[in-house]
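Worksheet for the structure shown next.
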Amino acid sequence: MPSSPISSDCALEATDPVSLPSRTVYTAPLYYQCAIGLLKPLYRLQVWQRSHNRGNYQQEVAQRFGKQYPPRPVAKVTNAQTDKGVIWCHAVSLGETNTVAPLLDTLLADGYQIWLTNTTQTGFARGASRFADDIAQGRMCHCYGPVDSPTVIEAFLAHVKPIAALFVETELWANILTKLSEHHIPSILVNGRLSASSFQSYQKIAAVSASMMKNLTLIIAQDSESAKRFRQLGASSAQIRVAGSLKWVINKPKYEDKAADIEDSYLVEKPSVPNQEAESVKEPKLAKEMNITGRPIWVAASTHSGEEETVLSLHQQLLSHPALADALLIIVPRHPERFDEVAALIQESELTMARRSAEDTIHVDTQVYLADSMGELMAWYKLADVALVGGSLVDVGGHNPVEPASVATPVVMGRYTQSCQSVVDKLAEVGALYQPHNIFYRPVTANAATIDDTSQQSSRKKPAAKEDAALIYQQLVSWLSDLEGAKQAGQAGARMTMQQQAVLTRQFTMIKEVIEQHVIQKLSQELL
């Protein structure tokens with residue numbers, strides 16, 4: 001069920017000054033330490049099974065188990081700037097890396113060096129590409145995250161020598177937090193999110209969870225619901241601040257020139273600034289290059305296995321609608337290894353397809369365009385009249401709807417949005433995002449079609465997935481057959497996105513306050 005949006009009556013305001021807690025160290029329970037020791041060889045076997053055929057397998061094992069690391073980042077010290085030190089940031093996978101990227105950019109610009117670690121292969125690949133320039137210039141180092149073993153963590157900390165550690169969103173490890181506390185290194189949970197299901201999982205290991213909560217220096221929660229759950233796990237109110245979600249911050253990767261290239265080739269003029277007077281129309285150059293003048297276009301972006309079938313079925317229904325017989329669907333699968341699989345699904349659907357990778361021309365009778373490319377997603381969002389954001393029709397948690405909202409494209413999502421629910425609810429409130437059964441959704445125009453969620457919810461004859469698909473189809477018809485209404489919804493999303501950009505400054509300021517207070521405390525103790 002959708003959660004309530006961030007409230008203004010949070011227990012602790014984002015602007016309150018941050019104060020460091022006492023330096024008491026809370027050790028993880030003995031049973032947890034024994035379990036980690038027993039599981040360590042099994043984890044190494046898992047890494048071997050997953051990665052031994054990769055060229056960087058030996059490097060991955062050495063980094064995960066504390067044997068070898070890249071050199072530390074190099075500070076660019078000038079007369080006006082001192083060496084501020086290295087901040088360790090752990091982002092589990094692709095989504096967390098994307099979310100924290102603008103914050104790391106800000107820290108780098110402020111003179112800190114960054115040591116970025118990832119757990120998954122996709123997260124590691126994203127970190128390496130997103131920060132390629134910073135890594136090459138020595139401002140950032142990048143490796144796989146250390147396993148939660150005390151000896152490995154000691155080796156990692158001895159090499160990196162971080163002045164602070166950042167953990168993104170949810171994933172925490174008890175031994176790591178204990179060691180950071182022992183070494184008096186501030187540990188900060190940034191963009192903290194704790195869903196109901198994650199909360200229940202942490203409750204099952206209550207003693208371990210309590211030790212982690214108490215060892216954290218600061219928890220920067222996305223919303224009041226998460227803050228409440230962190231307190232219930234053992235964090236004190238003094239440790240928690242509510243600052244909003246970094247998912248609102250528009251991530252503009254430095255390396256992705258492809259998006260700019262495609263926009264140059266397929267020029268789309270859409271208002272990225274709220275209230276911009278420019279018309280949301282496709283330029284003549286776009287019409288010539290892609291042959292899509294006047295066609296209703298929707299994009300299904302970052303799709304996962306099990307979603308493309310639903311999307312293709314929805315498109316077949318749209319094509320049978322008299323006003324949408326020439327509609328074009330653009331599919332952008334989340335993972336490149338699935339490109340051929342998705343192509344086969346489109347062929348099986350008997351819809352006419354063109355492929356980006358094959359440089360196929362879009363003809364009048366082309367019904368589906370497979371955007372099997374990397375680094376061009378924002379261009380497709382700008383091109384589309386409506387965006388369906390994937391990871392939400394199946395239980396993945398939903399990918400970030402801020403990206404299409406930031407370029408004034410209205411959004412449709414399925415029920416599985418637990419990874420970004422507060423963002424979804426705020427966009428729904430202003431009519432920029434439709435989600436079946438979301439109680440916050442308000443159409444942006446008075447004459448917008450009303451989707452009868454109540455009647456669908458009362459029906460028990462259809463499986464939930466079919467109920468949702470029927471509602472999503474109705475919303476697609478509403479927006480694609482009324483492009484002016486869709487445009488107004490998109491502009492409402494762009495305005496909301498612009499209003500939320502201050503979250504980056506809030507979280508950055510909190511992190512900097514903790515680091516500076518720690519430096520002052522350390523200097524005071526040295527003088528005693």
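Starting from 1 in every chain, residues are counted up; chains themselves are A, B, ... following the order of the structure tokens, and ligands are numbered from 1 as listed.
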
Item checked: Close residues, Val147 (chain A) itself excluded, 9 Å, only C-alpha atoms, min 6 positions apart in chain, as a VMD selection string -> chain A and resid 40 43 64 to 66 153 173 176

Margin query: Which residues are close to Gln507 (chain A), i.e. within 8 Å by only C-alpha atoms, leaving aside same-chain residues fewer than 2 positions away? Reply as a PyMOL selection string.
Written below: chain A and resi 190-191+220+243+503-505+509-511

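Closest approach to Ser406 (chain A) among A:Thr117, A:Gln517, A:Gln491, A:Gln475 is made by A:Gln491 (distances from only C-alpha atoms).
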
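When only C-alpha atoms are used to compute distances to Val514 (chain A), the closest of the residues A:Ile219, A:Gln121, A:Arg334, A:Met496 turns out to be A:Ile219.
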